[in-house]
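Structure file query.pdb (PDB, C-alpha atoms) is printed below.
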ATOM      1  CA  MET V1015     -33.444  33.929 -29.984
ATOM      2  CA  ARG V1016     -35.180  34.494 -26.643
ATOM      3  CA  SER V1017     -35.857  30.743 -26.278
ATOM      4  CA  CYS V1018     -32.161  29.969 -26.860
ATOM      5  CA  LEU V1019     -31.089  32.390 -24.136
ATOM      6  CA  THR V1020     -33.688  30.974 -21.756
ATOM      7  CA  LEU V1021     -32.359  27.465 -22.345
ATOM      8  CA  LEU V1022     -28.804  28.648 -21.685
ATOM      9  CA  ILE V1023     -29.838  30.188 -18.356
ATOM     10  CA  LEU V1024     -31.735  27.069 -17.265
ATOM     11  CA  LEU V1025     -28.928  24.676 -18.130
ATOM     12  CA  VAL V1026     -26.024  26.513 -16.488
ATOM     13  CA  PRO V1027     -27.063  25.640 -12.888
ATOM     14  CA  ALA V1028     -27.233  21.965 -13.929
ATOM     15  CA  ALA V1029     -23.524  22.125 -14.703
ATOM     16  CA  GLY V1030     -22.782  23.209 -11.161
ATOM     17  CA  ALA V1031     -22.977  19.595  -9.983
ATOM     18  CA  ALA V1032     -20.061  18.718 -12.267
ATOM     19  CA  GLN V1033     -16.554  19.944 -11.621
ATOM     20  CA  ALA V1034     -15.557  22.748 -13.978
ATOM     21  CA  ARG V1035     -12.181  22.464 -15.692
ATOM     22  CA  PRO V1036     -10.140  25.052 -17.629
ATOM     23  CA  VAL V1037     -10.088  24.776 -21.426
ATOM     24  CA  VAL V1038      -8.168  26.729 -24.063
ATOM     25  CA  GLN V1039      -8.779  26.701 -27.808
ATOM     26  CA  GLN V1040      -6.607  28.434 -30.394
ATOM     27  CA  ARG V1041      -7.404  28.857 -34.085
ATOM     28  CA  LEU V1042      -5.441  30.394 -36.965
ATOM     29  CA  VAL V1043      -7.167  30.883 -40.340
ATOM     30  CA  GLY V1044      -6.082  32.395 -43.640
ATOM     31  CA  GLN V1045      -8.134  32.885 -46.798
ATOM     32  CA  LEU V1046      -8.036  34.042 -50.414
ATOM     33  CA  GLY V1047     -11.103  35.520 -52.064
ATOM     34  CA  PRO V1048     -11.011  37.952 -50.332
ATOM     35  CA  THR V1049      -7.543  37.933 -48.766
ATOM     36  CA  GLY V1050      -7.511  37.827 -44.980
ATOM     37  CA  ALA V1051      -6.237  36.153 -41.826
ATOM     38  CA  GLU V1052      -7.465  35.803 -38.247
ATOM     39  CA  HIS V1053      -6.152  34.414 -34.973
ATOM     40  CA  ALA V1054      -8.661  33.471 -32.271
ATOM     41  CA  ILE V1055      -8.056  32.280 -28.725
ATOM     42  CA  ALA V1056     -10.630  31.334 -26.094
ATOM     43  CA  VAL V1057      -9.994  30.692 -22.399
ATOM     44  CA  ALA V1058     -12.928  29.209 -20.524
ATOM     45  CA  ALA V1059     -14.257  26.926 -17.810
ATOM     46  CA  ARG V1060     -16.211  23.848 -18.901
ATOM     47  CA  ALA V1061     -18.408  21.404 -16.974
ATOM     48  CA  ASP V1062     -19.976  18.205 -18.321
ATOM     49  CA  LEU V1063     -23.742  17.811 -18.538
ATOM     50  CA  GLY V1064     -25.606  14.539 -18.200
ATOM     51  CA  ASP V1065     -24.053  11.078 -18.052
ATOM     52  CA  PRO V1066     -21.128  10.935 -20.522
ATOM     53  CA  ARG V1067     -21.548   7.147 -20.695
ATOM     54  CA  GLU V1068     -24.872   7.637 -22.500
ATOM     55  CA  LEU V1069     -24.729   8.247 -26.254
ATOM     56  CA  LEU V1070     -27.196  11.150 -26.080
ATOM     57  CA  PHE V1071     -24.914  13.077 -23.693
ATOM     58  CA  THR V1072     -21.519  12.300 -25.237
ATOM     59  CA  GLY V1073     -19.626  15.599 -25.111
ATOM     60  CA  ALA V1074     -22.587  17.497 -23.593
ATOM     61  CA  HIS V1075     -21.297  20.477 -21.609
ATOM     62  CA  ALA V1076     -21.732  24.043 -20.391
ATOM     63  CA  GLU V1077     -18.882  26.491 -21.034
ATOM     64  CA  ALA V1078     -18.235  30.174 -20.246
ATOM     65  CA  GLY V1079     -15.151  32.229 -20.923
ATOM     66  CA  LEU V1080     -13.304  35.030 -22.697
ATOM     67  CA  ILE V1081     -12.418  35.150 -26.394
ATOM     68  CA  ASN V1082     -10.378  37.348 -28.723
ATOM     69  CA  HIS V1083     -10.383  37.510 -32.536
ATOM     70  CA  THR V1084      -7.510  39.485 -34.085
ATOM     71  CA  SER V1085      -6.580  40.099 -37.717
ATOM     72  CA  PRO V1086      -4.224  42.632 -39.336
ATOM     73  CA  ILE V1087      -7.052  45.219 -39.364
ATOM     74  CA  TYR V1088      -9.390  44.446 -36.437
ATOM     75  CA  SER V1089      -9.605  43.034 -32.943
ATOM     76  CA  MET V1090     -12.729  41.794 -31.163
ATOM     77  CA  SER V1091     -12.698  40.814 -27.482
ATOM     78  CA  GLY V1092     -15.350  39.826 -24.981
ATOM     79  CA  GLY V1093     -17.171  36.966 -23.323
ATOM     80  CA  TYR V1094     -19.181  33.984 -24.465
ATOM     81  CA  LEU V1095     -21.460  31.294 -23.104
ATOM     82  CA  ALA V1096     -21.980  27.919 -24.789
ATOM     83  CA  VAL V1097     -24.244  25.046 -23.818
ATOM     84  CA  SER V1098     -24.440  21.624 -25.432
ATOM     85  CA  PRO V1099     -27.424  19.978 -23.708
ATOM     86  CA  PHE V1100     -27.184  16.952 -25.996
ATOM     87  CA  ALA V1101     -24.459  15.449 -28.172
ATOM     88  CA  PHE V1102     -26.117  16.728 -31.368
ATOM     89  CA  LEU V1103     -26.752  20.355 -30.327
ATOM     90  CA  VAL V1104     -24.544  23.314 -29.314
ATOM     91  CA  LEU V1105     -26.007  26.731 -28.436
ATOM     92  CA  ARG V1106     -23.712  29.740 -28.137
ATOM     93  CA  ALA V1107     -23.943  33.472 -27.393
ATOM     94  CA  ALA V1108     -21.072  35.996 -27.505
ATOM     95  CA  LEU V1109     -20.790  39.737 -26.836
ATOM     96  CA  LEU V1110     -17.622  41.416 -28.112
ATOM     97  CA  ALA V1111     -16.159  44.925 -28.270
ATOM     98  CA  ALA V1112     -14.631  45.688 -31.667
ATOM     99  CA  VAL V1113     -12.051  48.066 -33.101
ATOM    100  CA  VAL V1114     -11.043  48.416 -36.782
ATOM    101  CA  TRP V1115      -7.957  50.271 -38.030
ATOM    102  CA  PRO V1116      -6.274  50.961 -41.403
ATOM    103  CA  ILE V1117      -2.944  49.528 -42.605
ATOM    104  CA  GLY V1118      -2.678  51.496 -45.855
ATOM    105  CA  GLN V1119      -3.927  48.738 -48.153
ATOM    106  CA  ASP V1120      -7.049  48.858 -50.316
ATOM    107  CA  GLY V1121     -10.080  47.505 -48.451
ATOM    108  CA  ALA V1122      -8.232  47.339 -45.111
ATOM    109  CA  GLY V1123      -9.696  49.603 -42.439
ATOM    110  CA  TYR V1124     -12.940  51.476 -41.825
ATOM    111  CA  PHE V1125     -14.484  52.883 -45.026
ATOM    112  CA  ALA V1126     -17.502  55.083 -44.332
ATOM    113  CA  SER V1127     -20.396  55.690 -46.722
ATOM    114  CA  HIS V1128     -23.601  57.738 -46.647
ATOM    115  CA  VAL V1129     -25.407  55.469 -49.129
ATOM    116  CA  PRO V1130     -25.891  51.665 -49.123
ATOM    117  CA  SER V1131     -23.408  51.076 -51.939
ATOM    118  CA  LEU V1132     -19.760  50.078 -52.015
ATOM    119  CA  PRO V1133     -17.583  53.095 -51.064
ATOM    120  CA  PRO V1134     -14.119  53.738 -52.528
ATOM    121  CA  LEU V1135     -11.698  51.278 -50.904
ATOM    122  CA  ASP V1136      -8.473  53.205 -51.525
ATOM    123  CA  GLY V1137      -6.060  52.384 -48.686
ATOM    124  CA  ALA V1138      -5.412  56.082 -48.066
ATOM    125  CA  LEU V1139      -9.116  56.561 -47.181
ATOM    126  CA  GLY V1140      -9.214  53.882 -44.488
ATOM    127  CA  GLY V1141     -10.019  55.057 -40.976
ATOM    128  CA  LEU V1142     -10.396  53.968 -37.352
ATOM    129  CA  ALA V1143     -13.708  52.900 -35.802
ATOM    130  CA  HIS V1144     -15.043  51.298 -32.638
ATOM    131  CA  GLY V1145     -18.170  49.268 -32.017
ATOM    132  CA  TRP V1146     -19.522  45.978 -30.762
ATOM    133  CA  SER V1147     -20.906  42.660 -31.934
ATOM    134  CA  ALA V1148     -23.434  40.198 -30.488
ATOM    135  CA  THR V1149     -23.675  36.721 -32.006
ATOM    136  CA  PHE V1150     -26.126  33.895 -31.388
ATOM    137  CA  SER V1151     -25.616  30.494 -33.001
ATOM    138  CA  ALA V1152     -26.924  26.941 -32.975
ATOM    139  CA  VAL V1153     -24.967  23.934 -34.239
ATOM    140  CA  LEU V1154     -26.527  20.623 -35.221
ATOM    141  CA  GLN V1155     -24.022  17.789 -35.537
ATOM    142  CA  GLY V1156     -23.978  14.030 -35.841
ATOM    143  CA  ALA V1157     -21.924  11.007 -36.903
ATOM    144  CA  VAL V1158     -23.231   7.825 -38.533
ATOM    145  CA  PRO V1159     -21.019   4.679 -38.499
ATOM    146  CA  LEU V1160     -20.445   3.129 -41.931
ATOM    147  CA  GLY V1161     -18.417   0.045 -41.104
ATOM    148  CA  PRO V1162     -14.886   1.253 -40.304
ATOM    149  CA  LEU V1163     -15.798   4.756 -41.566
ATOM    150  CA  ARG V1164     -18.105   7.485 -40.285
ATOM    151  CA  ALA V1165     -20.348   9.993 -42.060
ATOM    152  CA  ILE V1166     -20.182  13.356 -40.273
ATOM    153  CA  LEU V1167     -22.901  15.995 -40.697
ATOM    154  CA  TRP V1168     -22.457  19.501 -39.267
ATOM    155  CA  SER V1169     -24.510  22.678 -39.684
ATOM    156  CA  GLU V1170     -24.230  26.064 -37.940
ATOM    157  CA  LEU V1171     -26.942  28.714 -38.092
ATOM    158  CA  SER V1172     -25.778  32.123 -36.834
ATOM    159  CA  LEU V1173     -27.331  35.540 -36.289
ATOM    160  CA  GLU V1174     -24.931  38.439 -35.689
ATOM    161  CA  HIS V1175     -25.788  42.029 -34.774
ATOM    162  CA  LEU V1176     -23.073  44.623 -35.362
ATOM    163  CA  ARG V1177     -22.706  48.317 -34.654
ATOM    164  CA  LEU V1178     -19.559  50.037 -35.924
ATOM    165  CA  GLY V1179     -18.398  53.626 -36.449
ATOM    166  CA  GLU V1180     -20.412  56.814 -36.880
ATOM    167  CA  ALA V1181     -21.359  56.776 -40.577
ATOM    168  CA  PRO V1182     -24.755  55.495 -41.784
ATOM    169  CA  TYR V1183     -23.011  52.714 -43.766
ATOM    170  CA  HIS V1184     -19.559  51.133 -44.003
ATOM    171  CA  TYR V1185     -17.684  48.401 -45.830
ATOM    172  CA  SER V1186     -17.030  45.380 -43.612
ATOM    173  CA  ALA V1187     -13.901  43.525 -44.710
ATOM    174  CA  ARG V1188     -14.766  40.746 -42.262
ATOM    175  CA  HIS V1189     -18.067  40.084 -44.081
ATOM    176  CA  ASP V1190     -16.985  41.433 -47.493
ATOM    177  CA  ALA V1191     -20.211  43.449 -47.613
ATOM    178  CA  VAL V1192     -21.589  46.955 -47.098
ATOM    179  CA  LEU V1193     -23.408  47.116 -43.755
ATOM    180  CA  ALA V1194     -25.429  49.802 -42.039
ATOM    181  CA  GLN V1195     -23.958  51.376 -38.898
ATOM    182  CA  SER V1196     -26.239  48.999 -36.961
ATOM    183  CA  ASP V1197     -27.062  45.840 -38.902
ATOM    184  CA  TRP V1198     -27.780  42.104 -38.821
ATOM    185  CA  VAL V1199     -25.980  39.287 -40.658
ATOM    186  CA  LEU V1200     -27.591  35.853 -40.975
ATOM    187  CA  GLY V1201     -25.399  32.898 -41.886
ATOM    188  CA  ASN V1202     -25.488  29.144 -42.345
ATOM    189  CA  TRP V1203     -22.413  26.968 -42.825
ATOM    190  CA  ALA V1204     -22.916  23.236 -43.408
ATOM    191  CA  MET V1205     -20.571  20.297 -44.077
ATOM    192  CA  ALA V1206     -21.013  16.640 -45.028
ATOM    193  CA  LEU V1207     -17.792  14.654 -44.498
ATOM    194  CA  LEU V1208     -16.593  11.067 -44.611
ATOM    195  CA  GLU V1209     -14.117  10.173 -41.836
ATOM    196  CA  ILE V1210     -11.385   7.667 -42.667
ATOM    197  CA  PRO V1211      -9.202   6.351 -39.812
ATOM    198  CA  LEU V1212      -5.508   6.437 -40.687
ATOM    199  CA  ALA V1213      -3.940   5.314 -37.402
ATOM    200  CA  ALA V1214      -4.704   5.316 -33.691
ATOM    201  CA  GLY V1215      -5.896   8.847 -32.876
ATOM    202  CA  LEU V1216      -5.471  10.068 -36.473
ATOM    203  CA  ALA V1217      -8.283  10.472 -39.030
ATOM    204  CA  LEU V1218      -8.856  12.063 -42.422
ATOM    205  CA  ARG V1219     -12.180  13.766 -43.132
ATOM    206  CA  ALA V1220     -13.207  14.813 -46.640
ATOM    207  CA  GLY V1221     -16.415  15.987 -48.266
ATOM    208  CA  ALA V1222     -18.351  19.095 -49.250
ATOM    209  CA  TYR V1223     -19.338  22.419 -47.666
ATOM    210  CA  ASP V1224     -22.022  25.025 -48.285
ATOM    211  CA  ASP V1225     -21.686  28.580 -46.899
ATOM    212  CA  VAL V1226     -24.477  31.166 -47.143
ATOM    213  CA  ARG V1227     -24.510  34.736 -45.771
ATOM    214  CA  PHE V1228     -27.423  37.197 -45.938
ATOM    215  CA  VAL V1229     -27.981  40.807 -44.795
ATOM    216  CA  PRO V1230     -31.774  41.310 -44.621
ATOM    217  CA  ARG V1231     -31.653  45.116 -44.485
ATOM    218  CA  SER V1232     -29.781  45.521 -47.793
ATOM    219  CA  GLU V1233     -30.774  42.124 -49.268
ATOM    220  CA  TRP V1234     -27.068  41.435 -49.832
ATOM    221  CA  SER V1235     -26.202  37.743 -50.090
ATOM    222  CA  SER V1236     -23.204  35.472 -50.576
ATOM    223  CA  HIS V1237     -23.172  31.759 -51.390
ATOM    224  CA  GLN V1238     -20.135  29.476 -51.571
ATOM    225  CA  LEU V1239     -20.032  25.786 -52.479
ATOM    226  CA  GLY V1240     -17.018  23.494 -52.635
ATOM    227  CA  GLY V1241     -14.937  20.727 -51.099
ATOM    228  CA  ALA V1242     -13.456  20.428 -47.602
ATOM    229  CA  VAL V1243     -10.727  18.280 -46.065
ATOM    230  CA  MET V1244      -9.559  17.872 -42.457
ATOM    231  CA  LEU V1245      -6.809  15.980 -40.651
ATOM    232  CA  ALA V1246      -7.680  15.327 -36.993
ATOM    233  CA  ALA V1247      -5.159  14.143 -34.409
ATOM    234  CA  GLU V1248      -6.359  13.267 -30.896
ATOM    235  CA  ARG V1249      -3.928  13.523 -27.969
ATOM    236  CA  PRO V1250      -0.721  13.957 -29.993
ATOM    237  CA  VAL V1251       0.855  14.967 -26.659
ATOM    238  CA  PRO V1252      -0.683  14.839 -23.142
ATOM    239  CA  GLU V1253      -1.133  18.631 -22.991
ATOM    240  CA  VAL V1254      -3.068  18.804 -26.288
ATOM    241  CA  GLY V1255      -6.483  17.195 -26.625
ATOM    242  CA  GLU V1256      -6.820  17.668 -30.384
ATOM    243  CA  VAL V1257      -5.129  19.256 -33.379
ATOM    244  CA  LEU V1258      -7.341  19.831 -36.408
ATOM    245  CA  ALA V1259      -5.839  21.032 -39.696
ATOM    246  CA  PHE V1260      -8.472  22.006 -42.249
ATOM    247  CA  ALA V1261      -8.924  23.494 -45.708
ATOM    248  CA  ARG V1262     -11.791  24.219 -48.017
ATOM    249  CA  ALA V1263     -11.805  25.308 -51.664
ATOM    250  CA  GLY V1264     -14.792  26.340 -53.732
ATOM    251  CA  ALA V1265     -16.433  29.089 -55.722
ATOM    252  CA  PHE V1266     -18.889  31.921 -55.140
ATOM    253  CA  LEU V1267     -22.221  30.953 -56.670
ATOM    254  CA  ALA V1268     -23.697  34.305 -55.645
ATOM    255  CA  HIS V1269     -22.079  37.592 -54.587
ATOM    256  CA  GLU V1270     -22.456  41.223 -55.631
ATOM    257  CA  ARG V1271     -18.852  41.408 -56.881
ATOM    258  CA  ARG V1272     -17.354  37.907 -56.641
ATOM    259  CA  ALA V1273     -19.843  35.582 -58.362
ATOM    260  CA  GLY V1274     -17.803  32.884 -60.136
ATOM    261  CA  ASP V1275     -14.589  33.697 -58.253
ATOM    262  CA  PHE V1276     -12.442  31.072 -56.525
ATOM    263  CA  ALA V1277     -12.395  30.933 -52.708
ATOM    264  CA  LEU V1278      -9.828  29.211 -50.501
ATOM    265  CA  LEU V1279      -9.645  28.952 -46.710
ATOM    266  CA  ALA V1280      -7.154  26.987 -44.591
ATOM    267  CA  GLY V1281      -6.179  26.853 -40.950
ATOM    268  CA  VAL V1282      -5.480  24.895 -37.811
ATOM    269  CA  LEU V1283      -7.354  24.515 -34.512
ATOM    270  CA  ILE V1284      -5.703  23.348 -31.279
ATOM    271  CA  ARG V1285      -7.517  22.349 -28.087
ATOM    272  CA  TYR V1286      -5.327  22.364 -24.997
ATOM    273  CA  GLU V1287      -5.967  20.180 -21.944
ATOM    274  CA  LEU V1288      -5.094  22.117 -18.778
ATOM    275  CA  ALA V1289      -6.461  19.598 -16.295
ATOM    276  CA  PRO V1290      -6.361  15.794 -16.101
TER     277      PRO V1290
END
Once you've parsed the file, please lay out its structure as structure tokens.
Amino acid sequence: MRSCLTLLILLVPAAGAAQARPVVQQRLVGQLGPTGAEHAIAVAARADLGDPRELLFTGAHAEAGLINHTSPIYSMSGGYLAVSPFAFLVLRAALLAAVVWPIGQDGAGYFASHVPSLPPLDGALGGLAHGWSATFSAVLQGAVPLGPLRAILWSELSLEHLRLGEAPYHYSARHDAVLAQSDWVLGNWAMALLEIPLAAGLALRAGAYDDVRFVPRSEWSSHQLGGAVMLAAERPVPEVGEVLAFARAGAFLAHERRAGDFALLAGVLIRYELAP
């Protein structure tokens, strides 16, 4: 973790030679198993790194900005720093303030516990809590041409530290797990997709995903496996750089309460171009 932060600090001055431009990304996601929804928006400044004409530096950049994640029961806001020193690697760090509130539904809100087991999730027991989250992640990505098609490989390793509320333990609806007041969550989400061009600027991507989450302190784990599909449109209008509609459907191979259950997630991501 320390080496990642050091690399971020060293690379940011290198971006100073390039002209920073404003970028905005918006994402809306909904899921079943468990039920939930989240809207995220990031406003940042981005500068290119390296020579974009070289394959190794295609898309390489440094980016810093503000981000907000909001769902019906929580909101998380703060700043982030991301550096992609090479086309195949993205490093990211974010520090966010968090607040969770109840809406009267089972499992929605802050549910305190004094033991590391699932507390009652009756909607009437939900409360309000404040805290913060720090996340560090590394993404490895690549594309291999296969004639007119492309094989796309993508893997994100993340380490998140959370502190929420005043009780020794609580149920986190965002992670669908019981966490300590101060705890770590380790995750890895990987995809292998085949990209099929449909028209100029329009492509279909389909394949498989694997999603693993682990809480070392409680030894809680979750493992999903299934299929994923995406529809990517580049520059549908001059003000929008990309629209990506995505969905994944699979099953829990491992989970304290959901092993064997169906899981579905779908959403859309929009990247706005605010400068020529």
List the residues selected by the PyMOL selection byres ((chain V and resi 1253-1265) around 10) in the file shown, writing them as a PyMOL selection string. chain V and resi 1037-1047+1215-1225+1237-1252+1266-1268+1272-1290
Point-to-point distance from CA of Asn1082 (chain V) to CA of Trp1146 (chain V), Å rounded to tenths: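 CA of Trp1146 (chain V) lies 12.7 Å from CA of Asn1082 (chain V).
With CA of Pro1182 (chain V) on one side and CA of Pro1130 (chain V) on the other, the separation reads 8.4 Å.
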Can you tell me, as a ChimeraX atom specification, what residues are no more than 6 Å from region 1087-1102 of chain V when counting all atoms listed in the file, ignoring any on the same chain fewer than 3 positions away? /V:1070-1084,1105-1115,1123,1154-1156
What does the distance from CA of Glu1180 (chain V) to CA of Trp1234 (chain V) come to in Å, to one decimal?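 Spanning CA of Glu1180 (chain V) to CA of Trp1234 (chain V) is a straight-line distance of 21.2 Å.
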Would you kindly return, as a list in words, each protein, DNA or RNA residue with an atom no farther than 10 Å from any atom of Ser1131 (chain V), considering only C-alpha atoms and excluding same-chain residues fewer than 3 positions away?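 The residues satisfying every condition are Ser1127, His1128, Pro1134, Tyr1183, His1184, Tyr1185, Ala1191, Val1192, Leu1193 and Ser1232 of chain V.
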Written as a PyMOL selection string, which residues does the PyMOL selection byres ((chain V and resi 1141) around 10) give for the file shown? chain V and resi 1114-1118+1122-1126+1137-1140+1142-1143+1179
Select, from V:Asp1136, V:Asp1062, V:Asp1197, V:Asp1120, the residue with the minimum atom-to-atom distance to Gln1033 (chain V), counting only C-alpha atoms.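 Ranked by minimum distance to Gln1033 (chain V), first place goes to V:Asp1062.
Considering the residues V:His1144, V:Val1199, V:Leu1207, V:Thr1149 and counting only C-alpha atoms, Ala1165 (chain V) has its shortest atom-to-atom contact with V:Leu1207.
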Give me region 1088-1103 of chain V with N, CA and C atoms filled in, as a PDB file, keeping the file's coordinate frame.
ATOM      1  N   TYR V1088      -8.369  44.316 -37.478  1.00  0.00           N
ATOM      2  CA  TYR V1088      -9.390  44.446 -36.437  1.00  0.00           C
ATOM      3  C   TYR V1088      -9.066  43.546 -35.259  1.00  0.00           C
ATOM      4  N   SER V1089      -9.676  43.881 -34.125  1.00  0.00           N
ATOM      5  CA  SER V1089      -9.605  43.034 -32.943  1.00  0.00           C
ATOM      6  C   SER V1089     -10.964  43.083 -32.255  1.00  0.00           C
ATOM      7  N   MET V1090     -11.440  41.906 -31.830  1.00  0.00           N
ATOM      8  CA  MET V1090     -12.729  41.794 -31.163  1.00  0.00           C
ATOM      9  C   MET V1090     -12.532  40.958 -29.903  1.00  0.00           C
ATOM     10  N   SER V1091     -12.915  41.503 -28.756  1.00  0.00           N
ATOM     11  CA  SER V1091     -12.698  40.814 -27.482  1.00  0.00           C
ATOM     12  C   SER V1091     -13.947  40.895 -26.626  1.00  0.00           C
ATOM     13  N   GLY V1092     -14.200  39.816 -25.870  1.00  0.00           N
ATOM     14  CA  GLY V1092     -15.350  39.826 -24.981  1.00  0.00           C
ATOM     15  C   GLY V1092     -15.584  38.470 -24.349  1.00  0.00           C
ATOM     16  N   GLY V1093     -16.825  38.210 -23.994  1.00  0.00           N
ATOM     17  CA  GLY V1093     -17.171  36.966 -23.323  1.00  0.00           C
ATOM     18  C   GLY V1093     -18.159  36.142 -24.120  1.00  0.00           C
ATOM     19  N   TYR V1094     -18.230  34.856 -23.782  1.00  0.00           N
ATOM     20  CA  TYR V1094     -19.181  33.984 -24.465  1.00  0.00           C
ATOM     21  C   TYR V1094     -19.690  32.921 -23.506  1.00  0.00           C
ATOM     22  N   LEU V1095     -20.842  32.381 -23.855  1.00  0.00           N
ATOM     23  CA  LEU V1095     -21.460  31.294 -23.104  1.00  0.00           C
ATOM     24  C   LEU V1095     -21.934  30.256 -24.106  1.00  0.00           C
ATOM     25  N   ALA V1096     -21.580  29.001 -23.892  1.00  0.00           N
ATOM     26  CA  ALA V1096     -21.980  27.919 -24.789  1.00  0.00           C
ATOM     27  C   ALA V1096     -22.555  26.776 -23.966  1.00  0.00           C
ATOM     28  N   VAL V1097     -23.626  26.192 -24.472  1.00  0.00           N
ATOM     29  CA  VAL V1097     -24.244  25.046 -23.818  1.00  0.00           C
ATOM     30  C   VAL V1097     -24.547  23.992 -24.867  1.00  0.00           C
ATOM     31  N   SER V1098     -24.099  22.777 -24.612  1.00  0.00           N
ATOM     32  CA  SER V1098     -24.440  21.624 -25.432  1.00  0.00           C
ATOM     33  C   SER V1098     -25.261  20.682 -24.566  1.00  0.00           C
ATOM     34  N   PRO V1099     -26.601  20.816 -24.582  1.00  0.00           N
ATOM     35  CA  PRO V1099     -27.424  19.978 -23.708  1.00  0.00           C
ATOM     36  C   PRO V1099     -27.460  18.521 -24.140  1.00  0.00           C
ATOM     37  N   PHE V1100     -27.224  18.300 -25.438  1.00  0.00           N
ATOM     38  CA  PHE V1100     -27.184  16.952 -25.996  1.00  0.00           C
ATOM     39  C   PHE V1100     -26.007  16.860 -26.961  1.00  0.00           C
ATOM     40  N   ALA V1101     -25.619  15.642 -27.310  1.00  0.00           N
ATOM     41  CA  ALA V1101     -24.459  15.449 -28.172  1.00  0.00           C
ATOM     42  C   ALA V1101     -24.629  16.112 -29.539  1.00  0.00           C
ATOM     43  N   PHE V1102     -25.878  16.238 -30.007  1.00  0.00           N
ATOM     44  CA  PHE V1102     -26.117  16.728 -31.368  1.00  0.00           C
ATOM     45  C   PHE V1102     -26.367  18.228 -31.449  1.00  0.00           C
ATOM     46  N   LEU V1103     -26.367  18.946 -30.314  1.00  0.00           N
ATOM     47  CA  LEU V1103     -26.752  20.355 -30.327  1.00  0.00           C
ATOM     48  C   LEU V1103     -25.799  21.200 -29.487  1.00  0.00           C
TER      49      LEU V1103
END
